[in-house]
$ cat run_22.tsv   # TSV, C-alpha atoms
chain	number	residue	atom	x	y	z
A	19	MET	CA	29.82	49.72	1.53
A	20	GLU	CA	29.19	50.57	5.20
A	21	ASP	CA	25.44	50.66	4.58
A	22	ASP	CA	25.68	47.21	3.08
A	23	ASP	CA	27.55	45.99	6.13
A	24	ARG	CA	24.90	47.47	8.45
A	25	CYS	CA	22.14	45.87	6.40
A	26	SER	CA	23.76	42.48	6.34
A	27	SER	CA	24.44	42.60	10.05
A	28	SER	CA	20.84	43.57	10.88
A	29	ASN	CA	19.43	40.88	8.60
A	30	PRO	CA	22.23	38.39	8.29
A	31	GLY	CA	20.38	35.36	6.96
A	32	GLY	CA	17.02	36.80	5.93
A	33	ILE	CA	17.71	37.69	2.33
A	34	GLY	CA	19.79	34.58	1.81
A	35	GLN	CA	16.99	32.41	3.21
A	36	GLU	CA	14.45	34.02	0.90
A	37	GLU	CA	16.61	33.36	-2.12
A	38	GLU	CA	17.06	29.78	-1.01
A	39	ASP	CA	13.29	29.34	-0.68
A	40	GLU	CA	12.80	30.80	-4.12
A	41	ASP	CA	15.49	28.57	-5.57
A	42	GLY	CA	13.80	25.61	-3.89
A	43	LYS	CA	10.50	26.50	-5.54
A	44	VAL	CA	12.14	26.88	-8.93
A	45	LEU	CA	13.87	23.54	-8.55
A	46	ARG	CA	10.65	21.88	-7.47
A	47	PHE	CA	8.87	23.28	-10.51
A	48	LEU	CA	11.61	22.24	-12.93
A	49	ASP	CA	11.83	18.80	-11.36
A	50	SER	CA	8.11	18.18	-11.73
A	51	LEU	CA	8.19	19.53	-15.29
A	52	ASP	CA	10.93	17.08	-16.19
A	53	SER	CA	9.04	14.22	-14.53
A	54	TYR	CA	5.86	15.19	-16.39
A	55	LEU	CA	7.58	15.01	-19.77
A	56	THR	CA	9.38	11.78	-18.96
A	57	LEU	CA	6.20	10.12	-17.72
A	58	LEU	CA	4.34	11.15	-20.85
A	59	ASP	CA	7.11	9.60	-22.90
A	60	ALA	CA	6.76	6.38	-20.89
A	61	LEU	CA	2.98	6.48	-21.32
A	62	SER	CA	3.41	6.83	-25.08
A	63	SER	CA	5.56	3.68	-25.13
A	64	THR	CA	3.04	1.73	-23.06
A	65	LEU	CA	0.12	2.84	-25.20
A	66	ARG	CA	2.01	1.93	-28.38
A	67	GLN	CA	2.49	-1.55	-27.01
A	68	GLY	CA	-1.19	-1.78	-26.11
A	69	TRP	CA	-2.31	-0.64	-29.57
A	70	PHE	CA	0.03	-3.09	-31.21
A	71	GLU	CA	-1.29	-5.98	-29.12
A	72	LEU	CA	-4.84	-4.91	-29.82
A	73	ALA	CA	-4.12	-4.87	-33.53
A	74	SER	CA	-2.54	-8.33	-33.27
A	75	ALA	CA	-5.60	-9.62	-31.42
A	76	ARG	CA	-7.86	-8.09	-34.06
A	77	HIS	CA	-5.80	-9.80	-36.74
A	78	SER	CA	-6.10	-13.22	-35.10
A	79	MET	CA	-9.68	-12.98	-33.87
A	80	GLY	CA	-11.17	-10.97	-36.70
A	81	SER	CA	-12.17	-7.30	-36.91
A	82	SER	CA	-15.81	-8.00	-36.13
A	83	ARG	CA	-14.93	-9.61	-32.80
A	84	ILE	CA	-13.01	-6.62	-31.50
A	85	SER	CA	-15.10	-3.58	-32.17
A	86	SER	CA	-16.65	-0.76	-30.22
A	87	VAL	CA	-20.07	-2.06	-31.33
A	88	LEU	CA	-19.65	-4.93	-28.90
A	89	LEU	CA	-19.05	-2.65	-25.94
A	90	ASP	CA	-21.56	-3.32	-23.24
A	91	GLN	CA	-24.23	-0.65	-22.90
A	92	LYS	CA	-25.86	-2.29	-19.91
A	93	VAL	CA	-25.81	-0.48	-16.61
A	94	GLN	CA	-22.46	-1.24	-14.98
A	95	SER	CA	-20.09	0.29	-12.46
A	96	ALA	CA	-16.44	0.81	-13.22
A	97	ALA	CA	-14.25	-1.91	-11.74
A	98	THR	CA	-11.25	0.42	-11.66
A	99	THR	CA	-11.77	3.74	-9.94
A	100	PHE	CA	-9.76	6.69	-8.74
A	101	GLN	CA	-9.47	8.34	-5.37
A	102	VAL	CA	-9.04	12.07	-5.07
A	103	ARG	CA	-7.48	13.52	-1.94
A	104	LYS	CA	-6.26	16.91	-0.90
A	105	SER	CA	-2.51	17.27	-0.67
A	106	ILE	CA	-0.84	20.24	1.00
A	107	ASP	CA	2.63	21.48	0.04
A	108	GLY	CA	3.98	24.23	2.21
A	109	SER	CA	1.21	26.59	3.28
A	110	PRO	CA	-2.31	25.24	3.87
A	111	SER	CA	-3.66	27.66	1.27
A	112	GLU	CA	-1.66	25.86	-1.44
A	113	SER	CA	-3.54	22.60	-1.47
A	114	HIS	CA	-3.76	20.58	-4.64
A	115	PRO	CA	-5.39	17.28	-5.53
A	116	SER	CA	-3.64	13.96	-5.18
A	117	PHE	CA	-4.80	10.89	-7.07
A	118	ALA	CA	-4.69	7.16	-6.35
A	119	ILE	CA	-6.10	4.19	-8.23
A	120	SER	CA	-8.22	1.27	-7.09
A	121	LYS	CA	-7.96	-1.58	-9.57
A	122	TRP	CA	-10.58	-4.21	-10.10
A	123	ALA	CA	-12.71	-3.17	-7.14
A	124	SER	CA	-15.61	-5.51	-6.54
A	125	SER	CA	-18.31	-5.91	-3.97
A	126	ARG	CA	-19.60	-9.37	-3.47
A	127	ASN	CA	-22.11	-10.59	-0.94
A	128	GLY	CA	-22.35	-7.10	0.55
A	129	LYS	CA	-18.68	-7.13	1.45
A	130	CYS	CA	-16.60	-4.46	-0.19
A	131	SER	CA	-13.14	-5.57	-1.10
A	132	PHE	CA	-10.61	-3.74	-3.19
A	133	ARG	CA	-7.07	-3.71	-4.32
A	134	GLU	CA	-5.55	-0.29	-3.81
A	135	LEU	CA	-2.36	0.75	-5.46
A	136	GLU	CA	-1.21	4.15	-4.24
A	137	VAL	CA	1.72	5.59	-6.08
A	138	SER	CA	3.17	8.62	-4.42
A	139	ARG	CA	4.55	11.51	-6.42
A	140	VAL	CA	7.92	10.91	-8.01
A	141	GLN	CA	9.15	14.24	-6.82
A	142	LYS	CA	8.35	13.48	-3.21
A	143	THR	CA	10.40	10.32	-3.08
A	144	SER	CA	13.20	10.83	-5.54
A	145	LYS	CA	15.67	12.80	-3.51
A	146	ASN	CA	18.69	11.11	-4.97
A	147	SER	CA	20.72	12.31	-7.90
A	148	GLU	CA	20.10	9.40	-10.21
A	149	LEU	CA	19.92	10.30	-13.83
A	150	ARG	CA	16.57	9.73	-15.42
A	151	HIS	CA	16.46	7.70	-18.58
A	152	ARG	CA	14.04	9.16	-21.05
A	153	GLY	CA	12.05	6.90	-23.27
A	154	SER	CA	11.96	4.05	-20.85
A	155	SER	CA	8.59	2.45	-20.57
A	156	ASN	CA	9.44	1.47	-17.02
A	157	PHE	CA	10.30	4.95	-15.84
A	158	TYR	CA	7.84	5.01	-13.02
A	159	GLU	CA	9.19	1.69	-11.77
A	160	GLU	CA	12.82	2.79	-11.79
A	161	HIS	CA	12.28	5.56	-9.30
A	162	ASP	CA	12.06	5.01	-5.60
A	163	LEU	CA	8.28	5.04	-5.55
A	164	THR	CA	6.38	4.28	-2.39
A	165	ILE	CA	3.84	1.67	-3.31
A	166	ASN	CA	1.34	0.54	-0.73
A	167	ALA	CA	-0.56	-2.36	-2.15
A	168	SER	CA	-3.12	-3.59	0.31
A	169	SER	CA	-4.71	-6.38	-1.63
A	170	THR	CA	-7.70	-7.72	0.14
A	171	ILE	CA	-8.87	-9.72	-2.87
A	172	SER	CA	-6.97	-12.67	-4.21
A	173	ASP	CA	-5.26	-12.81	-7.58
A	174	SER	CA	-7.89	-15.28	-8.72
A	175	ASP	CA	-10.56	-12.63	-8.09
A	176	VAL	CA	-8.54	-10.16	-10.12
A	177	GLN	CA	-8.28	-12.70	-12.94
A	178	LYS	CA	-12.03	-13.22	-12.76
A	179	GLU	CA	-12.61	-9.50	-13.03
A	180	ARG	CA	-10.21	-9.32	-15.97
A	181	SER	CA	-11.97	-12.20	-17.73
A	182	LYS	CA	-15.32	-10.57	-17.08
A	183	SER	CA	-14.06	-7.41	-18.70
A	184	LEU	CA	-12.97	-9.36	-21.80
A	185	SER	CA	-16.14	-11.44	-21.97
A	186	VAL	CA	-17.79	-8.94	-24.34
A	187	PHE	CA	-15.34	-10.13	-26.99
A	188	GLY	CA	-16.29	-13.79	-26.60
A	189	THR	CA	-15.50	-16.73	-24.40
A	190	LEU	CA	-12.16	-17.60	-25.97
A	191	VAL	CA	-9.97	-14.62	-26.63
A	192	SER	CA	-6.51	-14.31	-28.05
A	193	PRO	CA	-3.57	-14.07	-25.63
A	194	LYS	CA	-2.69	-10.86	-27.44
A	195	LEU	CA	-5.95	-9.37	-26.23
A	196	ARG	CA	-5.05	-10.29	-22.67
A	197	GLY	CA	-1.64	-8.75	-23.25
A	198	ALA	CA	-3.32	-5.56	-24.49
A	199	GLN	CA	-5.45	-5.50	-21.36
A	200	VAL	CA	-2.35	-5.67	-19.17
A	201	SER	CA	-0.69	-2.91	-21.20
A	202	PHE	CA	-3.62	-0.59	-20.73
A	203	GLU	CA	-3.70	-1.41	-17.03
A	204	THR	CA	-0.06	-0.39	-16.87
A	205	ALA	CA	-0.96	2.78	-18.76
A	206	LEU	CA	-3.49	3.58	-16.03
A	207	ASP	CA	-0.69	3.47	-13.43
A	208	ALA	CA	1.26	5.95	-15.53
A	209	ILE	CA	-1.81	8.14	-15.83
A	210	VAL	CA	-2.17	8.33	-12.05
A	211	GLU	CA	1.49	9.36	-11.80
A	212	ILE	CA	1.06	11.96	-14.51
A	213	ALA	CA	-2.04	13.38	-12.82
A	214	ASN	CA	-0.12	13.74	-9.55
A	215	ILE	CA	2.93	15.29	-11.19
A	216	ARG	CA	0.70	17.68	-13.13
A	217	SER	CA	-0.99	18.73	-9.92
A	218	SER	CA	2.37	19.24	-8.19
A	219	MET	CA	3.77	21.16	-11.17
A	220	LEU	CA	0.82	23.53	-11.29
A	221	SER	CA	1.06	24.08	-7.55
A	222	ALA	CA	4.77	24.94	-7.86
A	223	PHE	CA	3.96	27.20	-10.81
A	224	THR	CA	1.35	29.06	-8.78
A	225	GLN	CA	3.85	29.61	-5.98
A	226	LEU	CA	6.43	30.91	-8.43
A	227	GLN	CA	3.89	33.30	-9.93
A	228	GLN	CA	3.18	34.66	-6.47
A	229	GLU	CA	6.91	35.12	-5.86
A	230	MET	CA	7.26	36.98	-9.12
A	231	LYS	CA	4.39	39.27	-8.21
A	232	LYS	CA	6.05	40.00	-4.86
A	233	ASP	CA	9.36	40.79	-6.59
A	234	LEU	CA	7.72	43.12	-9.07
A	235	GLY	CA	5.39	44.72	-6.56
B	26	MET	CA	-4.23	27.02	-11.24
B	27	ALA	CA	-3.58	24.60	-8.39
B	28	GLY	CA	-5.60	25.55	-5.36
B	29	ARG	CA	-8.17	27.54	-7.32
B	30	GLY	CA	-11.63	26.25	-6.67
B	31	GLN	CA	-12.61	23.70	-4.09
B	32	ILE	CA	-10.96	20.30	-4.31
B	33	ARG	CA	-13.68	17.65	-4.04
B	34	THR	CA	-12.33	14.55	-2.38
B	35	ASN	CA	-13.78	11.32	-3.67
B	36	ASN	CA	-13.07	7.69	-2.89
B	37	SER	CA	-14.64	6.22	-5.97
B	38	ALA	CA	-14.26	8.57	-8.88
B	39	LEU	CA	-14.21	7.69	-12.55
B	40	ILE	CA	-11.86	8.37	-15.42
B	41	ALA	CA	-13.53	9.82	-18.51
B	42	MET	CA	-12.17	9.34	-22.01
B	43	ILE	CA	-12.53	11.25	-25.25
B	44	ALA	CA	-10.43	9.29	-27.71
B	45	ASP	CA	-10.39	7.03	-30.75
B	46	GLU	CA	-11.91	3.57	-30.74
B	47	ASP	CA	-8.77	1.59	-29.98
B	48	THR	CA	-7.74	3.80	-27.07
B	49	VAL	CA	-11.20	3.71	-25.52
B	50	THR	CA	-11.52	-0.04	-26.09
B	51	GLY	CA	-8.15	-0.62	-24.45
B	52	PHE	CA	-8.99	1.38	-21.35
B	53	LEU	CA	-12.43	-0.21	-21.11
B	54	MET	CA	-10.69	-3.59	-21.03
B	55	ALA	CA	-8.76	-2.27	-18.04
B	56	GLY	CA	-12.07	-1.88	-16.22
B	57	VAL	CA	-12.76	1.86	-16.27
B	58	GLY	CA	-16.03	1.70	-18.19
B	59	ASN	CA	-19.13	2.98	-16.41
B	60	VAL	CA	-22.74	3.16	-17.58
B	61	ASP	CA	-25.20	4.76	-15.20
B	62	LEU	CA	-28.94	4.28	-14.88
B	63	ARG	CA	-29.58	6.95	-17.47
B	64	ARG	CA	-27.34	5.02	-19.88
B	65	LYS	CA	-24.76	7.77	-19.73
B	66	THR	CA	-21.23	6.54	-20.28
B	67	ASN	CA	-17.93	7.96	-19.12
B	68	TYR	CA	-16.43	7.85	-22.59
B	69	LEU	CA	-16.87	9.24	-26.07
B	70	ILE	CA	-15.45	7.39	-29.06
B	71	VAL	CA	-14.38	9.90	-31.69
B	72	ASP	CA	-14.30	8.89	-35.33
B	73	SER	CA	-14.49	10.67	-38.64
B	74	LYS	CA	-18.21	11.28	-38.22
B	75	THR	CA	-18.01	12.83	-34.77
B	76	THR	CA	-18.75	16.54	-34.88
B	77	VAL	CA	-16.80	19.19	-33.01
B	78	LYS	CA	-20.01	20.12	-31.21
B	79	ALA	CA	-20.36	16.58	-29.89
B	80	ILE	CA	-16.78	16.67	-28.63
B	81	GLU	CA	-17.35	20.03	-26.98
B	82	ASP	CA	-20.54	18.82	-25.32
B	83	ALA	CA	-18.80	15.70	-24.04
B	84	PHE	CA	-15.88	17.74	-22.68
B	85	LYS	CA	-18.21	20.16	-20.93
B	86	GLU	CA	-20.25	17.32	-19.49
B	87	PHE	CA	-17.25	15.36	-18.20
B	88	THR	CA	-15.61	18.41	-16.67
B	89	SER	CA	-18.78	19.38	-14.83
B	90	ARG	CA	-19.54	15.94	-13.38
B	91	GLU	CA	-18.60	15.50	-9.75
B	92	ASP	CA	-17.90	11.78	-10.05
B	93	ILE	CA	-15.06	12.17	-12.56
B	94	ALA	CA	-11.46	12.59	-11.36
B	95	VAL	CA	-9.51	12.56	-14.62
B	96	VAL	CA	-10.47	13.29	-18.21
B	97	LEU	CA	-8.25	11.64	-20.79
B	98	ILE	CA	-8.40	13.29	-24.18
B	99	SER	CA	-6.34	12.43	-27.23
B	100	GLN	CA	-4.22	15.42	-28.09
B	101	TYR	CA	-5.40	15.60	-31.72
B	102	ILE	CA	-9.00	15.77	-30.41
B	103	ALA	CA	-8.00	18.39	-27.83
B	104	ASN	CA	-6.63	20.46	-30.71
B	105	MET	CA	-10.14	20.53	-32.22
B	106	ILE	CA	-11.47	22.17	-29.05
B	107	ARG	CA	-8.24	23.88	-28.01
B	108	PHE	CA	-9.91	27.05	-26.80
B	109	LEU	CA	-12.16	25.09	-24.49
B	110	VAL	CA	-9.32	22.93	-23.14
B	111	ASP	CA	-6.99	25.87	-22.58
B	112	SER	CA	-9.62	27.89	-20.78
B	113	TYR	CA	-10.34	25.07	-18.33
B	114	ASN	CA	-8.66	25.81	-15.01
B	115	LYS	CA	-10.22	23.65	-12.30
B	116	PRO	CA	-8.00	21.28	-10.31
B	117	VAL	CA	-10.48	18.39	-10.57
B	118	PRO	CA	-11.12	16.69	-12.88
B	119	ALA	CA	-7.57	16.78	-14.19
B	120	ILE	CA	-7.34	17.02	-17.98
B	121	LEU	CA	-4.60	14.85	-19.45
B	122	GLU	CA	-3.74	15.03	-23.13
B	123	ILE	CA	-2.52	11.70	-24.41
B	124	PRO	CA	-1.11	10.57	-27.74
B	125	SER	CA	-3.08	8.54	-30.22
B	126	LYS	CA	-2.01	5.88	-32.72
B	127	ASP	CA	-1.66	8.30	-35.60
B	128	HIS	CA	-0.76	11.45	-33.68
B	129	PRO	CA	2.20	11.32	-31.31
B	130	TYR	CA	2.28	13.55	-28.25
B	131	ASP	CA	3.51	17.06	-28.95
B	132	PRO	CA	4.58	19.05	-25.86
B	133	ALA	CA	4.16	22.29	-27.80
B	134	HIS	CA	0.38	21.81	-27.86
B	135	ASP	CA	-0.10	20.59	-24.30
B	136	SER	CA	-2.33	23.08	-22.45
B	137	VAL	CA	-0.51	22.63	-19.14
B	138	LEU	CA	2.91	23.23	-20.70
B	139	SER	CA	1.59	26.22	-22.65
B	140	ARG	CA	0.50	27.73	-19.37
B	141	VAL	CA	3.93	27.44	-17.77
B	142	ARG	CA	5.98	28.18	-20.88
B	143	TYR	CA	6.22	31.89	-20.29
B	144	LEU	CA	8.42	31.24	-17.28
B	145	PHE	CA	11.19	30.39	-19.73
B	146	SER	CA	10.81	33.56	-21.74
B	147	ALA	CA	12.78	36.81	-21.22
B	148	GLU	CA	10.75	37.63	-18.10
B	149	SER	CA	11.77	34.57	-16.17
B	150	VAL	CA	11.97	34.25	-12.42
B	151	ALA	CA	15.74	34.73	-12.43
B	152	SER	CA	15.70	37.95	-14.47
B	153	GLY	CA	12.78	39.35	-12.48
B	154	ARG	CA	14.62	38.78	-9.24
B	155	ARG	CA	17.79	40.49	-10.42

$ encode --input "run_22.tsv" --output "structure tokens"
Amino acid sequence: MEDDDRCSSSNPGGIGQEEEDEDGKVLRFLDSLDSYLTLLDALSSTLRQGWFELASARHSMGSSRISSVLLDQKVQSAATTFQVRKSIDGSPSESHPSFAISKWASSRNGKCSFRELEVSRVQKTSKNSELRHRGSSNFYEEHDLTINASSTISDSDVQKERSKSLSVFGTLVSPKLRGAQVSFETALDAIVEIANIRSSMLSAFTQLQQEMKKDLG
Amino acid sequence: MAGRGQIRTNNSALIAMIADEDTVTGFLMAGVGNVDLRRKTNYLIVDSKTTVKAIEDAFKEFTSREDIAVVLISQYIANMIRFLVDSYNKPVPAILEIPSKDHPYDPAHDSVLSRVRYLFSAESVASGRR
């Protein structure tokens, strides 16, 4: 008992602080794990909607008009690209990738213009105690996400890029096909979120593994 | 896994897809399709005639390319090359297993969740600490 008192007096907050740090890491891991599963659920809903709209478009336009055979094999650059950055949580040695999406990027007349939608990690911004609703297709919109949309191209340019993307299926396409396009665009936003949460989760997992090794060693 | 290997930053990376026709078609409509000068695409459409070898080769190619940030693979296709997917441990490109029309997402088969599952077994963080 006296030894315990001496120990606690010599290191009053040290052990408690360590446990708090460990608890923080565990919470961070569990939080990102929960977000990962919820986002995948939301992605499933969005994809289901996209497949349904694609099937409806195929029904109205005909199977031969919506087929992988029509996919353009000419040399082309992707209009929607990703950005990969290094994100550091805690110590500099624990860096992990962070992803952002650039939708409908185009370069015309030598001038590069793009619409960048950066969605920060759900875990970083959701510090409140709101309950998450599983199965919602709008999960990643319900959270307090930081969205920086610097659109340097107009909506009409985006519509032109969208129409260009659908042009392989003919000049006049079903509204359902346009709806499917929007659904899959929405799915891409979810995919960026999932990629970031996955990265964060694996980083937290690595830190926990290191803690466990320290405890056992 | 996070932090292992160098993280290549990239401002204009692609998303690769190994999935069924409808999934690939949908994402191509969203503008992610890329065909380079060698006529190499950033997607593989898997149907009943696609061999496991072709899927493996595509997975290996996409995960070794420096211009790809994310590889989307339908989970039922990932199950065909599960050993390869589970042994992949680089931070970039990120491998995401997605559902398909006929095969809903199953967390039990996800390679990322399999990796972290043992934390919830008897030798968890809490029991190891105490």

$ interface_residues --input "run_22.tsv" --of "chain A" --to "chain B" --cutoff "6 Å" --atoms "only C-alpha atoms" --output "ChimeraX atom specification"
/A:93-103,112-114,183,199,202-203,220-221

$ atom_distance --input "run_22.tsv" --atom1 "CA of Ala79 (chain B)" --atom2 "CA of Ser136 (chain B)"
20.6 Å

$ closest_residue --input "run_22.tsv" --among "A:Gln35, A:Gln225, A:Ser218, A:Ser192" --to "Glu71 (chain A)" --atoms "only C-alpha atoms"
A:Ser192

$ atom_distance --input "run_22.tsv" --atom1 "CA of Glu40 (chain A)" --atom2 "CA of Ser116 (chain A)"
23.6 Å

$ residues_around --input "run_22.tsv" --residues "Gly197 (chain A)" --least-positions-apart "6" --cutoff "12 Å" --atoms "only C-alpha atoms" --output "number ranges by chain"
A: 64-65, 67-75, 180, 184, 191, 203-204; B: 51, 54-55

$ atom_distance --input "run_22.tsv" --atom1 "CA of Ser50 (chain A)" --atom2 "CA of Ile215 (chain A)"
6.0 Å

$ closest_residue --input "run_22.tsv" --among "A:Arg83, A:Lys194, A:Leu88, A:Ser62" --to "Gln100 (chain B)" --atoms "only C-alpha atoms"
A:Ser62

$ axis_aligned_box --input "run_22.tsv" --around "region 130-137 of chain B" --padding-each-side "8 Å" --output "JSON"
{"center_x": 1.1, "center_y": 18.3, "center_z": -24.0, "size_x": 22.9, "size_y": 25.5, "size_z": 25.8}

$ closest_residue --input "run_22.tsv" --among "B:Glu81, B:Leu69, B:Asn104, B:Ser99" --to "Ala133 (chain B)" --atoms "only C-alpha atoms"
B:Asn104
